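Structure file work.pdb (PDB, C-alpha atoms) follows.
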```
MODEL        1
ATOM      1  CA  MET H   1       3.179  28.709  15.302
ATOM      2  CA  LEU H   2       0.929  25.922  14.077
ATOM      3  CA  ASP H   3      -1.875  24.676  16.279
ATOM      4  CA  TYR H   4      -1.343  20.915  16.251
ATOM      5  CA  LYS H   5      -4.907  20.201  17.297
ATOM      6  CA  LEU H   6      -5.937  21.667  13.964
ATOM      7  CA  LEU H   7      -3.357  19.578  12.097
ATOM      8  CA  GLU H   8      -4.528  16.474  13.946
ATOM      9  CA  ALA H   9      -8.088  17.191  12.809
ATOM     10  CA  LEU H  10      -6.936  17.502   9.200
ATOM     11  CA  ALA H  11      -4.944  14.271   9.360
ATOM     12  CA  THR H  12      -7.809  12.389  10.993
ATOM     13  CA  VAL H  13     -10.352  13.588   8.407
ATOM     14  CA  ILE H  14      -8.114  12.268   5.609
ATOM     15  CA  GLU H  15      -7.279   9.011   7.385
ATOM     16  CA  CYS H  16     -10.921   8.314   8.287
ATOM     17  CA  GLY H  17     -12.329   9.503   4.959
ATOM     18  CA  GLY H  18     -14.872  11.926   6.403
ATOM     19  CA  PHE H  19     -15.777  14.422   9.118
ATOM     20  CA  GLU H  20     -18.200  12.204  11.017
ATOM     21  CA  ARG H  21     -15.794   9.281  11.365
ATOM     22  CA  ALA H  22     -12.982  11.716  12.222
ATOM     23  CA  GLY H  23     -15.166  13.121  15.022
ATOM     24  CA  ASP H  24     -15.726   9.616  16.387
ATOM     25  CA  ALA H  25     -11.963   8.954  16.337
ATOM     26  CA  LEU H  26     -11.156  12.255  18.073
ATOM     27  CA  GLY H  27     -14.059  12.181  20.520
ATOM     28  CA  LEU H  28     -15.519  15.328  18.963
ATOM     29  CA  SER H  29     -18.720  16.229  17.158
ATOM     30  CA  GLN H  30     -18.705  16.462  13.374
ATOM     31  CA  SER H  31     -19.321  20.204  13.743
ATOM     32  CA  ALA H  32     -16.292  20.623  16.024
ATOM     33  CA  VAL H  33     -14.047  18.853  13.504
ATOM     34  CA  SER H  34     -15.398  21.062  10.717
ATOM     35  CA  GLN H  35     -14.697  24.148  12.844
ATOM     36  CA  ARG H  36     -11.094  23.063  13.387
ATOM     37  CA  ILE H  37     -10.586  22.615   9.662
ATOM     38  CA  LYS H  38     -12.138  26.015   9.018
ATOM     39  CA  ALA H  39      -9.890  27.610  11.662
ATOM     40  CA  LEU H  40      -6.850  26.042  10.014
ATOM     41  CA  GLU H  41      -7.895  27.382   6.609
ATOM     42  CA  ILE H  42      -8.480  30.874   8.040
ATOM     43  CA  ARG H  43      -5.067  30.859   9.707
ATOM     44  CA  LEU H  44      -3.413  29.581   6.530
ATOM     45  CA  GLY H  45      -5.377  31.898   4.246
ATOM     46  CA  GLN H  46      -6.250  29.121   1.799
ATOM     47  CA  PRO H  47      -8.197  25.843   1.723
ATOM     48  CA  VAL H  48      -6.608  22.641   2.954
ATOM     49  CA  LEU H  49      -9.313  20.244   1.731
ATOM     50  CA  ILE H  50     -11.105  19.618  -1.541
ATOM     51  CA  ARG H  51     -14.549  18.391  -0.527
ATOM     52  CA  HIS H  52     -16.089  17.548  -3.926
ATOM     53  CA  PRO H  53     -16.272  15.286  -5.819
ATOM     54  CA  HIS H  54     -13.910  13.399  -3.480
ATOM     55  CA  LEU H  55     -12.442  14.382  -0.147
ATOM     56  CA  GLU H  56      -8.711  14.996  -0.622
ATOM     57  CA  PRO H  57      -6.075  17.487   0.536
ATOM     58  CA  THR H  58      -5.132  20.554  -1.470
ATOM     59  CA  PRO H  59      -1.415  21.102  -2.226
ATOM     60  CA  ALA H  60      -1.212  23.197   0.960
ATOM     61  CA  GLY H  61      -3.051  20.456   2.857
ATOM     62  CA  ARG H  62      -0.555  17.848   1.603
ATOM     63  CA  ARG H  63       2.348  19.952   2.883
ATOM     64  CA  LEU H  64       0.710  20.173   6.296
ATOM     65  CA  LEU H  65      -0.028  16.435   6.362
ATOM     66  CA  ASN H  66       3.583  15.625   5.479
ATOM     67  CA  HIS H  67       4.735  17.899   8.300
ATOM     68  CA  HIS H  68       2.288  16.320  10.741
ATOM     69  CA  GLN H  69       3.461  12.793   9.922
ATOM     70  CA  GLN H  70       7.081  13.738  10.588
ATOM     71  CA  VAL H  71       6.290  15.641  13.791
ATOM     72  CA  ARG H  72       4.407  12.638  15.211
ATOM     73  CA  LEU H  73       7.457  10.441  14.658
ATOM     74  CA  LEU H  74       9.874  13.002  16.092
ATOM     75  CA  GLU H  75       7.665  13.405  19.161
ATOM     76  CA  ARG H  76       7.901   9.659  19.690
ATOM     77  CA  ASP H  77      11.723   9.936  19.799
ATOM     78  CA  LEU H  78      11.454  12.858  22.235
ATOM     79  CA  ARG H  79       9.243  10.843  24.583
ATOM     80  CA  ALA H  80      11.771   8.019  24.493
ATOM     81  CA  ALA H  81      14.552  10.468  25.448
ATOM     82  CA  LEU H  82      12.471  12.205  28.116
ATOM     83  CA  PRO H  83      10.512   9.506  29.989
ATOM     84  CA  THR H  84       8.749  12.081  32.169
ATOM     85  CA  LEU H  85       6.722  13.223  29.156
ATOM     86  CA  GLU H  86       3.351  11.568  28.738
ATOM     87  CA  ALA H  87       3.981   8.319  26.903
ATOM     88  CA  ALA H  88       1.724   6.892  24.222
ATOM     89  CA  SER H  89       2.098   3.876  21.975
ATOM     90  CA  PRO H  90       3.637   5.028  18.687
ATOM     91  CA  ARG H  91       1.413   4.587  15.671
ATOM     92  CA  LEU H  92       2.807   4.337  12.158
ATOM     93  CA  ARG H  93       0.625   4.711   9.071
ATOM     94  CA  ILE H  94       2.066   2.754   6.130
ATOM     95  CA  ALA H  95       0.837   2.017   2.611
ATOM     96  CA  LEU H  96       1.772  -1.394   1.225
ATOM     97  CA  ASN H  97       0.594  -3.838  -1.399
ATOM     98  CA  ALA H  98      -1.740  -6.683  -0.478
ATOM     99  CA  ASP H  99       0.602  -9.436  -1.701
ATOM    100  CA  SER H 100       3.370  -8.325   0.664
ATOM    101  CA  LEU H 101       0.895  -8.242   3.543
ATOM    102  CA  ALA H 102      -0.296 -11.747   2.635
ATOM    103  CA  THR H 103       3.218 -13.195   2.469
ATOM    104  CA  TRP H 104       6.376 -11.813   4.107
ATOM    105  CA  TRP H 105       5.395  -8.567   5.859
ATOM    106  CA  ALA H 106       4.117  -9.932   9.189
ATOM    107  CA  GLU H 107       7.132 -12.165   9.746
ATOM    108  CA  ALA H 108       9.491  -9.296   8.879
ATOM    109  CA  VAL H 109       8.046  -6.711  11.278
ATOM    110  CA  SER H 110       6.371  -8.670  14.106
ATOM    111  CA  ALA H 111       9.385  -8.718  16.439
ATOM    112  CA  PHE H 112      10.095  -5.046  15.735
ATOM    113  CA  CYS H 113       6.513  -4.010  16.534
ATOM    114  CA  ARG H 114       6.543  -6.040  19.740
ATOM    115  CA  ASP H 115       9.891  -4.661  20.931
ATOM    116  CA  GLU H 116       9.026  -1.059  20.059
ATOM    117  CA  GLY H 117       5.422  -1.206  21.256
ATOM    118  CA  LEU H 118       4.501  -0.010  17.776
ATOM    119  CA  LEU H 119       0.948   0.084  16.438
ATOM    120  CA  LEU H 120       0.523  -0.138  12.673
ATOM    121  CA  ASP H 121      -2.136   1.602  10.623
ATOM    122  CA  LEU H 122      -1.867  -0.216   7.299
ATOM    123  CA  VAL H 123      -3.334   1.170   4.082
ATOM    124  CA  ILE H 124      -3.590  -1.418   1.304
ATOM    125  CA  GLU H 125      -2.715  -0.080  -2.131
ATOM    126  CA  ASP H 126      -1.546  -1.645  -5.367
ATOM    127  CA  GLN H 127       2.240  -1.644  -5.646
ATOM    128  CA  ASP H 128       2.048   0.668  -8.666
ATOM    129  CA  VAL H 129       0.117   3.496  -6.959
ATOM    130  CA  GLY H 130       1.014   3.397  -3.253
ATOM    131  CA  LEU H 131       3.516   6.246  -3.584
ATOM    132  CA  LYS H 132       0.663   8.708  -4.086
ATOM    133  CA  ARG H 133      -0.378   8.140  -0.471
ATOM    134  CA  LEU H 134       3.052   9.284   0.720
ATOM    135  CA  ARG H 135       3.088  12.262  -1.630
ATOM    136  CA  ASP H 136      -0.339  13.319  -0.359
ATOM    137  CA  GLY H 137       0.846  13.176   3.242
ATOM    138  CA  ASP H 138      -1.582  10.393   4.119
ATOM    139  CA  VAL H 139       1.141   7.969   5.272
ATOM    140  CA  ALA H 140       4.607   8.189   6.799
ATOM    141  CA  ALA H 141       6.044   5.449   4.569
ATOM    142  CA  CYS H 142       5.029   3.185   1.715
ATOM    143  CA  LEU H 143       6.054  -0.001  -0.031
ATOM    144  CA  CYS H 144       5.618   0.177  -3.795
ATOM    145  CA  ALA H 145       7.115  -0.664  -7.189
ATOM    146  CA  SER H 146       8.414   2.815  -8.009
ATOM    147  CA  ASP H 147      12.126   3.528  -7.652
ATOM    148  CA  GLN H 148      11.672   7.295  -8.044
ATOM    149  CA  PRO H 149      11.936   9.060  -4.661
ATOM    150  CA  ILE H 150       9.804  12.107  -4.059
ATOM    151  CA  ALA H 151      11.235  15.340  -2.701
ATOM    152  CA  GLY H 152      12.021  15.043   0.988
ATOM    153  CA  ALA H 153      11.842  11.240   1.051
ATOM    154  CA  ARG H 154      14.282   8.343   0.828
ATOM    155  CA  CYS H 155      13.918   5.273  -1.391
ATOM    156  CA  VAL H 156      15.425   1.914  -0.374
ATOM    157  CA  PRO H 157      15.263  -1.195  -2.635
ATOM    158  CA  LEU H 158      14.074  -4.318  -0.809
ATOM    159  CA  GLY H 159      14.119  -6.962  -3.540
ATOM    160  CA  THR H 160      11.661  -8.479  -6.002
ATOM    161  CA  MET H 161       8.562 -10.646  -5.925
ATOM    162  CA  VAL H 162       8.233 -13.103  -8.805
ATOM    163  CA  TYR H 163       4.776 -13.694 -10.293
ATOM    164  CA  HIS H 164       3.528 -16.514 -12.533
ATOM    165  CA  PRO H 165       0.127 -17.032 -14.242
ATOM    166  CA  TYR H 166      -1.380 -19.738 -12.032
ATOM    167  CA  ALA H 167      -4.582 -21.738 -12.412
ATOM    168  CA  THR H 168      -5.832 -25.220 -11.584
ATOM    169  CA  PRO H 169      -4.658 -28.055 -13.868
ATOM    170  CA  ALA H 170      -8.293 -28.637 -14.892
ATOM    171  CA  TYR H 171      -8.725 -24.960 -15.800
ATOM    172  CA  ILE H 172      -5.549 -25.028 -17.885
ATOM    173  CA  ALA H 173      -6.690 -28.188 -19.681
ATOM    174  CA  ARG H 174     -10.050 -26.584 -20.477
ATOM    175  CA  TYR H 175      -8.972 -23.104 -21.590
ATOM    176  CA  PHE H 176      -5.317 -23.531 -22.591
ATOM    177  CA  PRO H 177      -5.049 -26.974 -24.220
ATOM    178  CA  GLU H 178      -2.620 -25.524 -26.788
ATOM    179  CA  GLY H 179      -0.844 -23.193 -24.388
ATOM    180  CA  PRO H 180      -1.116 -19.393 -24.015
ATOM    181  CA  THR H 181      -2.599 -18.568 -27.425
ATOM    182  CA  GLU H 182      -4.444 -15.455 -28.567
ATOM    183  CA  ALA H 183      -7.690 -17.411 -28.883
ATOM    184  CA  ALA H 184      -7.347 -18.708 -25.322
ATOM    185  CA  PHE H 185      -6.712 -15.226 -23.907
ATOM    186  CA  ARG H 186      -9.880 -13.924 -25.561
ATOM    187  CA  GLN H 187     -11.989 -16.644 -23.909
ATOM    188  CA  ALA H 188     -10.384 -17.579 -20.567
ATOM    189  CA  PRO H 189     -11.586 -15.570 -17.538
ATOM    190  CA  ALA H 190      -8.685 -13.981 -15.706
ATOM    191  CA  ILE H 191      -8.574 -12.633 -12.141
ATOM    192  CA  VAL H 192      -7.429  -9.049 -11.622
ATOM    193  CA  TYR H 193      -6.834  -7.459  -8.233
ATOM    194  CA  GLY H 194      -8.328  -4.071  -9.099
ATOM    195  CA  PRO H 195      -8.545  -1.285 -11.690
ATOM    196  CA  HIS H 196      -4.931  -0.206 -11.059
ATOM    197  CA  ASP H 197      -3.505  -3.735 -11.273
ATOM    198  CA  GLN H 198      -1.421  -4.014 -14.436
ATOM    199  CA  LEU H 199       0.254  -7.381 -13.834
ATOM    200  CA  GLN H 200      -2.226  -9.272 -16.006
ATOM    201  CA  HIS H 201      -1.853  -6.727 -18.812
ATOM    202  CA  ARG H 202       1.932  -6.957 -18.615
ATOM    203  CA  PHE H 203       1.820 -10.750 -18.797
ATOM    204  CA  LEU H 204      -0.474 -10.695 -21.821
ATOM    205  CA  ALA H 205       1.753  -8.131 -23.531
ATOM    206  CA  GLN H 206       4.741 -10.376 -22.805
ATOM    207  CA  CYS H 207       2.888 -13.127 -24.677
ATOM    208  CA  GLY H 208       2.193 -10.753 -27.585
ATOM    209  CA  TYR H 209      -1.504 -10.240 -26.806
ATOM    210  CA  HIS H 210      -2.851  -6.676 -26.456
ATOM    211  CA  GLY H 211      -6.600  -7.159 -26.816
ATOM    212  CA  ALA H 212      -9.489  -7.261 -24.354
ATOM    213  CA  PHE H 213      -9.941 -10.233 -22.048
ATOM    214  CA  PRO H 214     -12.710 -11.365 -19.666
ATOM    215  CA  HIS H 215     -11.814 -10.957 -16.018
ATOM    216  CA  HIS H 216     -13.060 -11.065 -12.452
ATOM    217  CA  LEU H 217     -12.141  -8.232 -10.065
ATOM    218  CA  CYS H 218     -11.041  -9.404  -6.621
ATOM    219  CA  PRO H 219      -9.486  -6.775  -4.289
ATOM    220  CA  SER H 220      -8.213  -9.359  -1.805
ATOM    221  CA  SER H 221      -4.901 -11.181  -2.070
ATOM    222  CA  GLU H 222      -6.148 -14.212  -0.133
ATOM    223  CA  GLY H 223      -9.465 -14.196  -2.022
ATOM    224  CA  PHE H 224      -7.544 -13.985  -5.295
ATOM    225  CA  VAL H 225      -5.738 -17.244  -4.531
ATOM    226  CA  ARG H 226      -8.935 -18.944  -3.328
ATOM    227  CA  LEU H 227     -10.737 -18.028  -6.559
ATOM    228  CA  ALA H 228      -7.909 -19.434  -8.655
ATOM    229  CA  ALA H 229      -7.734 -22.612  -6.553
ATOM    230  CA  GLY H 230     -11.499 -22.943  -6.992
ATOM    231  CA  GLY H 231     -11.071 -23.019 -10.772
ATOM    232  CA  ILE H 232     -12.870 -19.741 -11.488
ATOM    233  CA  GLY H 233     -10.000 -18.113 -13.361
ATOM    234  CA  TYR H 234      -6.266 -17.667 -13.775
ATOM    235  CA  GLY H 235      -4.130 -14.816 -12.512
ATOM    236  CA  MET H 236      -0.698 -13.482 -11.671
ATOM    237  CA  MET H 237       0.300 -14.625  -8.196
ATOM    238  CA  PRO H 238       3.626 -14.495  -6.321
ATOM    239  CA  GLN H 239       5.505 -17.769  -6.020
ATOM    240  CA  LEU H 240       5.982 -17.004  -2.345
ATOM    241  CA  GLN H 241       2.240 -17.090  -1.739
ATOM    242  CA  VAL H 242       1.227 -20.247  -3.603
ATOM    243  CA  ALA H 243       4.284 -22.501  -3.272
ATOM    244  CA  SER H 244       2.402 -25.047  -1.146
ATOM    245  CA  LEU H 245      -0.570 -25.178  -3.543
ATOM    246  CA  VAL H 246       1.799 -25.723  -6.474
ATOM    247  CA  ALA H 247       3.633 -28.472  -4.564
ATOM    248  CA  GLU H 248       0.290 -30.167  -3.867
ATOM    249  CA  GLY H 249      -0.661 -30.005  -7.558
ATOM    250  CA  ARG H 250      -3.674 -27.744  -6.909
ATOM    251  CA  LEU H 251      -2.220 -24.878  -8.941
ATOM    252  CA  ALA H 252       0.135 -24.804 -11.911
ATOM    253  CA  SER H 253       1.553 -22.182 -14.242
ATOM    254  CA  LEU H 254      -0.146 -22.041 -17.618
ATOM    255  CA  ALA H 255       3.080 -20.592 -19.072
ATOM    256  CA  PRO H 256       6.015 -21.959 -17.018
ATOM    257  CA  GLU H 257       8.537 -20.091 -19.134
ATOM    258  CA  ARG H 258       6.836 -16.749 -18.421
ATOM    259  CA  SER H 259       7.173 -14.730 -15.231
ATOM    260  CA  LEU H 260       7.176 -11.144 -14.026
ATOM    261  CA  ALA H 261       9.632  -9.820 -11.463
ATOM    262  CA  VAL H 262       8.121  -6.918  -9.519
ATOM    263  CA  PRO H 263      10.669  -4.817  -7.607
ATOM    264  CA  LEU H 264       9.685  -3.433  -4.223
ATOM    265  CA  TYR H 265      10.960  -0.158  -2.797
ATOM    266  CA  TRP H 266      10.542   1.290   0.666
ATOM    267  CA  HIS H 267       9.856   5.039   0.693
ATOM    268  CA  PHE H 268       9.801   7.168   3.842
ATOM    269  CA  TRP H 269      10.197  10.803   4.833
ATOM    270  CA  ARG H 270      13.663  12.009   5.716
ATOM    271  CA  HIS H 271      14.087  13.526   9.179
ATOM    272  CA  SER H 272      11.165  11.475  10.515
ATOM    273  CA  GLY H 273      13.039  10.161  13.521
ATOM    274  CA  GLU H 274      14.810   7.047  14.712
ATOM    275  CA  LEU H 275      11.759   4.775  14.664
ATOM    276  CA  LEU H 276      11.492   4.799  10.869
ATOM    277  CA  GLU H 277      15.261   4.495  10.521
ATOM    278  CA  ARG H 278      15.247   1.360  12.685
ATOM    279  CA  LEU H 279      12.294  -0.118  10.798
ATOM    280  CA  THR H 280      14.105   0.558   7.526
ATOM    281  CA  ARG H 281      17.131  -1.379   8.761
ATOM    282  CA  VAL H 282      14.869  -4.301   9.712
ATOM    283  CA  LEU H 283      13.250  -4.320   6.255
ATOM    284  CA  GLY H 284      16.673  -4.116   4.616
ATOM    285  CA  ASP H 285      17.535  -7.534   6.103
ATOM    286  CA  ILE H 286      14.638  -9.431   4.476
ATOM    287  CA  GLU H 287      15.153 -11.782   1.569
ATOM    288  CA  LEU H 288      12.347 -11.833  -0.982
ATOM    289  CA  ARG H 289      12.101 -14.801  -3.321
TER
ENDMDL
END
```
Show me this structure written as C-alpha cells.
Amino acid sequence: MLDYKLLEALATVIECGGFERAGDALGLSQSAVSQRIKALEIRLGQPVLIRHPHLEPTPAGRRLLNHHQQVRLLERDLRAALPTLEAASPRLRIALNADSLATWWAEAVSAFCRDEGLLLDLVIEDQDVGLKRLRDGDVAACLCASDQPIAGARCVPLGTMVYHPYATPAYIARYFPEGPTEAAFRQAPAIVYGPHDQLQHRFLAQCGYHGAFPHHLCPSSEGFVRLAAGGIGYGMMPQLQVASLVAEGRLASLAPERSLAVPLYWHFWRHSGELLERLTRVLGDIELR
C-alpha cells in the first residue's frame, strides 16, 4: 500500500516549487521533506523527481501525482458521506488562463465555492499550455484551448472568448494611419502576455504578416489592459474584458474586421469524485461572449 504522507510530500514539493517551501507548508524541516521523497523513491524503486535543471516529476512521479489528486477529491466525498470522519475544507488545484480569471471565472464559481466550502488553489497558465499541468499531475483540472483529452480525463467545451487588437485612438492614429499594414506592424510596439502567448502571432498571420515585431511582455491580464489604455502598445484582448473602455472611447480596434475566437475547454480527471462533477455542471451553464 502507498504511504500517503509520502505522496503528500511529493505533491507539496511540486506545488510549492521547492523543498524548503514545501517544508514550511507541511510544518516540516527541509531535510524531513527530502527524506520522505527519498523513502518514496526507495519504495518505488525509481526516482519520482528530476531535480536539475528544473524541479519536475518523472513519468512515475506524474502517475503518483495524478493518483494523489484523485484520492484527495474522493476523500472529500467520503467525509461528506461519513460526517464522523475528521472534516477539512476541500481544496481544489486548477490551472486556468489569466483572461478567464480577469473576466467571467469569479462570477461563475463564487456561489459554488461558498456553498461547498471550497478553497481554490489557482495556477495561472496560458490557454495554449495549461493542459501540461494536468498531464503532469500538478492540478486536478484545467481550463485551456485544447480539445484533445488526455488518457484518464474528460474534456468539456465551455464556449469561446473573442479577441480584437485594441489600442488607444491616439496610438492607432500614430502607428496605423493607413490601417494594419506591413510597415506599421514592423514599427508599432505590441503587448504580448508571455513567451507562450501566440494570439498576437495569429493575428499578424491573419493579416498576412509573418515577420518580427517589437513587443512588450506583460504577464498580467489586468496590467495588459492598463498598458494598452496608457497608450504604450496594442494587443489582443477579449471583448468581455474591455467592453466598458471601448464604450468610453478609450480603446478601439485597429482592425475592426479582424478577430480571433479562442475556444475554451474544461479538462478534469475521471473518477475524481462528485465535487468536480458538480463544478463541471456549474461551468457548463456559463455563457461566454
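Straight-line separation from atom CA of Cys144 of chain H to atom CA of Gly18 of chain H: 25.7 Å.
Restricting the calculation to only C-alpha atoms, the smallest distance between Val262 of chain H and any of H:Asp3, H:Asp147, H:Asp24, H:Glu15 is found for H:Asp147.
Between atom CA of Pro165 of chain H and atom CA of Gln148 of chain H the interatomic distance comes to 27.6 Å.
The coordinates place atom CA of Val13 of chain H at 25.1 Å from atom CA of Pro195 of chain H.
Of the listed residues (H:Arg62, H:Arg154, H:Arg21, H:Arg114), H:Arg154 comes nearest to Arg270 of chain H; the distances count only C-alpha atoms.
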task: Can you turn the PyMOL selection byres ((chain H and resi 98-103) around 9) into a concrete residue list for this file, as a VMD selection string?
output: chain H and resid 96 to 97 104 to 107 124 to 127 143 161 219 to 222 237 to 238 240 to 241
What box, with edges along x, y and z, holds each listed atom of segment 152-158 of chain H when 4 Å is added on every side, and can you state its centre and edge lengths in Å to one decimal, as AutoDock Vina command-line options?
```
--center_x 13.6 --center_y 5.4 --center_z -0.8 --size_x 11.6 --size_y 27.4 --size_z 11.7
```
- line: For His67 of chain H, the closest of H:Asp121, H:Asp138, H:Glu116, H:Glu41 counting all atoms listed in the file is H:Asp138
How would segment 46-59 of chain H look with N, CA and C atoms restored, written as a PDB file, in the frame of the given file?
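Writing done, so here's result.pdb:
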```
ATOM      1  N   GLN H  46      -5.903  29.893   2.994  1.00  0.00           N
ATOM      2  CA  GLN H  46      -6.250  29.121   1.799  1.00  0.00           C
ATOM      3  C   GLN H  46      -6.838  27.782   2.228  1.00  0.00           C
ATOM      4  N   PRO H  47      -7.580  27.129   1.347  1.00  0.00           N
ATOM      5  CA  PRO H  47      -8.197  25.843   1.723  1.00  0.00           C
ATOM      6  C   PRO H  47      -7.164  24.742   1.881  1.00  0.00           C
ATOM      7  N   VAL H  48      -7.482  23.803   2.762  1.00  0.00           N
ATOM      8  CA  VAL H  48      -6.608  22.641   2.954  1.00  0.00           C
ATOM      9  C   VAL H  48      -7.283  21.354   2.494  1.00  0.00           C
ATOM     10  N   LEU H  49      -8.569  21.420   2.180  1.00  0.00           N
ATOM     11  CA  LEU H  49      -9.313  20.244   1.731  1.00  0.00           C
ATOM     12  C   LEU H  49     -10.123  20.558   0.492  1.00  0.00           C
ATOM     13  N   ILE H  50     -10.153  19.603  -0.431  1.00  0.00           N
ATOM     14  CA  ILE H  50     -11.105  19.618  -1.541  1.00  0.00           C
ATOM     15  C   ILE H  50     -12.224  18.673  -1.139  1.00  0.00           C
ATOM     16  N   ARG H  51     -13.440  19.185  -1.064  1.00  0.00           N
ATOM     17  CA  ARG H  51     -14.549  18.391  -0.527  1.00  0.00           C
ATOM     18  C   ARG H  51     -15.349  17.675  -1.601  1.00  0.00           C
ATOM     19  N   HIS H  52     -15.335  18.153  -2.834  1.00  0.00           N
ATOM     20  CA  HIS H  52     -16.089  17.548  -3.926  1.00  0.00           C
ATOM     21  C   HIS H  52     -15.206  17.485  -5.176  1.00  0.00           C
ATOM     22  N   PRO H  53     -15.356  16.424  -5.990  1.00  0.00           N
ATOM     23  CA  PRO H  53     -16.272  15.286  -5.819  1.00  0.00           C
ATOM     24  C   PRO H  53     -15.772  14.267  -4.801  1.00  0.00           C
ATOM     25  N   HIS H  54     -14.467  14.322  -4.472  1.00  0.00           N
ATOM     26  CA  HIS H  54     -13.910  13.399  -3.480  1.00  0.00           C
ATOM     27  C   HIS H  54     -13.143  14.207  -2.446  1.00  0.00           C
ATOM     28  N   LEU H  55     -13.155  13.727  -1.223  1.00  0.00           N
ATOM     29  CA  LEU H  55     -12.442  14.382  -0.147  1.00  0.00           C
ATOM     30  C   LEU H  55     -10.950  14.104  -0.291  1.00  0.00           C
ATOM     31  N   GLU H  56     -10.154  15.143  -0.492  1.00  0.00           N
ATOM     32  CA  GLU H  56      -8.711  14.996  -0.622  1.00  0.00           C
ATOM     33  C   GLU H  56      -8.034  16.309  -0.256  1.00  0.00           C
ATOM     34  N   PRO H  57      -6.757  16.256   0.142  1.00  0.00           N
ATOM     35  CA  PRO H  57      -6.075  17.487   0.536  1.00  0.00           C
ATOM     36  C   PRO H  57      -5.699  18.341  -0.672  1.00  0.00           C
ATOM     37  N   THR H  58      -5.671  19.640  -0.474  1.00  0.00           N
ATOM     38  CA  THR H  58      -5.132  20.554  -1.470  1.00  0.00           C
ATOM     39  C   THR H  58      -3.602  20.465  -1.414  1.00  0.00           C
ATOM     40  N   PRO H  59      -2.887  21.092  -2.337  1.00  0.00           N
ATOM     41  CA  PRO H  59      -1.415  21.102  -2.226  1.00  0.00           C
ATOM     42  C   PRO H  59      -0.932  21.633  -0.876  1.00  0.00           C
TER      43      PRO H  59
END
```
